[in-house]
Amino acid sequence: MKNLIVGVDGSAGSLKAIAVAAEIAAATNSRVVLAHVLPVPSPLPPEVVIPPGWIGELTEAGNLILKAAAEQCTRAGAESEARVLEGAPDEALARLGAQLESDFIAVGSRGRGAVSRLLLGSVADKLLQTAGRPVLIAR
Amino acid sequence: MERIIVGVDGSEESRKAVALAASLSHSLRATLVVAHVMSYPGAGDPPPVVSAEYSWWRSSHRDWAETLVREALVREARPGLSIETRVLSGDPAHALSRLASEERVGLVVVGHRGRGLADRLLIGSVADRLVQICDQPVLVTR
């Protein structure tokens with residue numbers, strides 16, 4: 001094992017994914033790469049005007065989620081690093097996976113705020129079909 | 001985690017899943033459970049009519065399944081790794097998911113494609129359905 005990516009968004013599934021990845025990383029001397037994808041459609045359509053401070057607030061919220069995730073890894077005895085990504089979450093995570101040649105990409109089965117009757121969110125589903133590398137899905 | 005399940009079906013993808021699951025189990029000092037699910041119409045229920053042919057066919061299927069899980073055990077056996085085998089029957093995704101919740105399993109590992117193009121086109125792969133219903137984390141390998 002080299003490095004394990006976890007998509008973090010603060011959802012219950014994502015917390016579980018961090019726990020599993022951290023346990024594996026600690027046992028295999030590999031590194032957890034915590035990736036938070038900013039929940040902004042990108043590129044934005046030209047007619048959309050971003051309220052001042054909006055991106056800043058999202059970035060700040062993302063940093064808090066990443067910080068909690070890093071602490072979770074440390075407690076499990078795993079090394080971690082944080083990344084902030086932009087764009088469609090599945091594509092951004094798949095791209096990072098290819099770039100880092102990650103052993104797997106772990107995500108929660110549903111993102112934050114996803115309708116709970118969905119058994120599997122679209123990010124997890126798309127990653128599974130297109131990531132081209134192992135994907136871990138936690139509920 | 002105490003136990004890791006890996007689903008086997010004789011495909012190349014499942015062989016890779018077993019190799020990864022074995023190496024993870026070894027590192028994590030978890031018991032590896034190699035499981036095959038015999039799946040065919042009526043697999044989970046007693047057959048409506050028990051003919052001699054049906055009994056023969058079913059027992060040959062079971063022999064094949066036992067060979068499959070035993071082969072995986074022999075291939076992955078190494079010092080410090082404890083491996084168990086299971087042969088189940090029924091719908092593969094449901095059977096693996098049920099096994100995972102019964103046996104305090106930390107992770108279920110499966111290959112992305114199961115056997116059979118027709119199955120895949122009609123109902124999707126076992127992995128696709130497993131990630132929808134399994135309460136335990138699922139690692140889908142490639």
# chains A, B, ... in the order shown; residues from 1 in each chain; ligands from 1
>>> select_by_dssp(residues="stretch 60-96 of chain A", states="alpha helix (DSSP H)", output="tab-separated table (two decimals) with C-alpha atoms, in the first residue's frame")
chain	number	residue	atom	x	y	z
A	60	GLU	CA	-13.23	27.63	5.72
A	61	ALA	CA	-15.92	24.96	6.26
A	62	GLY	CA	-13.82	22.56	4.17
A	63	ASN	CA	-10.74	23.29	6.25
A	64	LEU	CA	-12.64	22.48	9.45
A	65	ILE	CA	-13.79	19.15	7.99
A	66	LEU	CA	-10.21	18.39	6.87
A	67	LYS	CA	-8.80	19.30	10.27
A	68	ALA	CA	-11.23	16.96	12.08
A	69	ALA	CA	-10.37	14.22	9.56
A	70	ALA	CA	-6.63	14.68	10.12
A	71	GLU	CA	-7.15	14.38	13.88
A	72	GLN	CA	-9.15	11.19	13.32
A	73	CYS	CA	-6.20	9.74	11.36
A	74	THR	CA	-3.65	10.78	14.00
A	75	ARG	CA	-5.72	9.11	16.72
A	89	PRO	CA	-16.29	15.40	-7.03
A	90	ASP	CA	-16.08	12.03	-8.81
A	91	GLU	CA	-13.82	13.40	-11.56
A	92	ALA	CA	-11.62	15.35	-9.13
A	93	LEU	CA	-11.14	12.28	-6.89
A	94	ALA	CA	-10.48	9.97	-9.86
A	95	ARG	CA	-7.92	12.42	-11.25
A	96	LEU	CA	-6.11	12.63	-7.91
>>> residues_around(residues="B:Glu13", least_positions_apart="6", cutoff="9 Å", atoms="only C-alpha atoms", output="PyMOL selection string")
chain B and resi 110-114+141-142
>>> closest_atom_pairs(of="chain A", to="chain B", cutoff="7 Å", atoms="only C-alpha atoms", output="CSV")
residue,atom,partner,partner_atom,distance
A:Ile24,CA,B:Leu28,CA,6.9
A:Ala27,CA,B:Ser27,CA,5.6
A:Thr28,CA,B:Ser27,CA,6.1
A:Leu119,CA,B:Gln132,CA,5.3
A:Leu120,CA,B:Gln132,CA,5.7
A:Gly132,CA,B:Arg142,CA,6.9
A:Arg133,CA,B:Arg142,CA,5.6
A:Pro134,CA,B:Thr141,CA,4.2
A:Val135,CA,B:Val140,CA,5.3
A:Leu136,CA,B:Leu139,CA,4.1
A:Ile137,CA,B:Val138,CA,5.3
A:Ala138,CA,B:Pro137,CA,4.2
A:Arg139,CA,B:Asp135,CA,6.1
>>> select_by_dssp(residues="chain B", states="strand (DSSP E or B)", output="list in words")
Arg3, Ile4, Ile5, Val6, Gly7, Thr31, Leu32, Val33, Val34, Ala35, His36, Val37, Met38, Ile83, Glu84, Thr85, Arg86, Val87, Leu88, Ser89, Leu107, Val108, Val109, Val110, Gly111, Val138, Leu139, Val140 and Thr141 of chain B
>>> closest_residue(among="A:Leu38, A:Ala12, A:Pro51, A:Val32", to="A:Ser102", atoms="only C-alpha atoms")
A:Val32
>>> atom_distance(atom1="atom CA of A:Ala17", atom2="atom CA of A:Gly108")
6.1 Å
>>> atom_distance(atom1="atom CA of B:Ala65", atom2="atom CA of B:Ile4")
19.4 Å
>>> closest_residue(among="A:Ile55, A:Glu23, A:Leu15, A:Gly121", to="B:Ala30", atoms="only C-alpha atoms")
A:Glu23
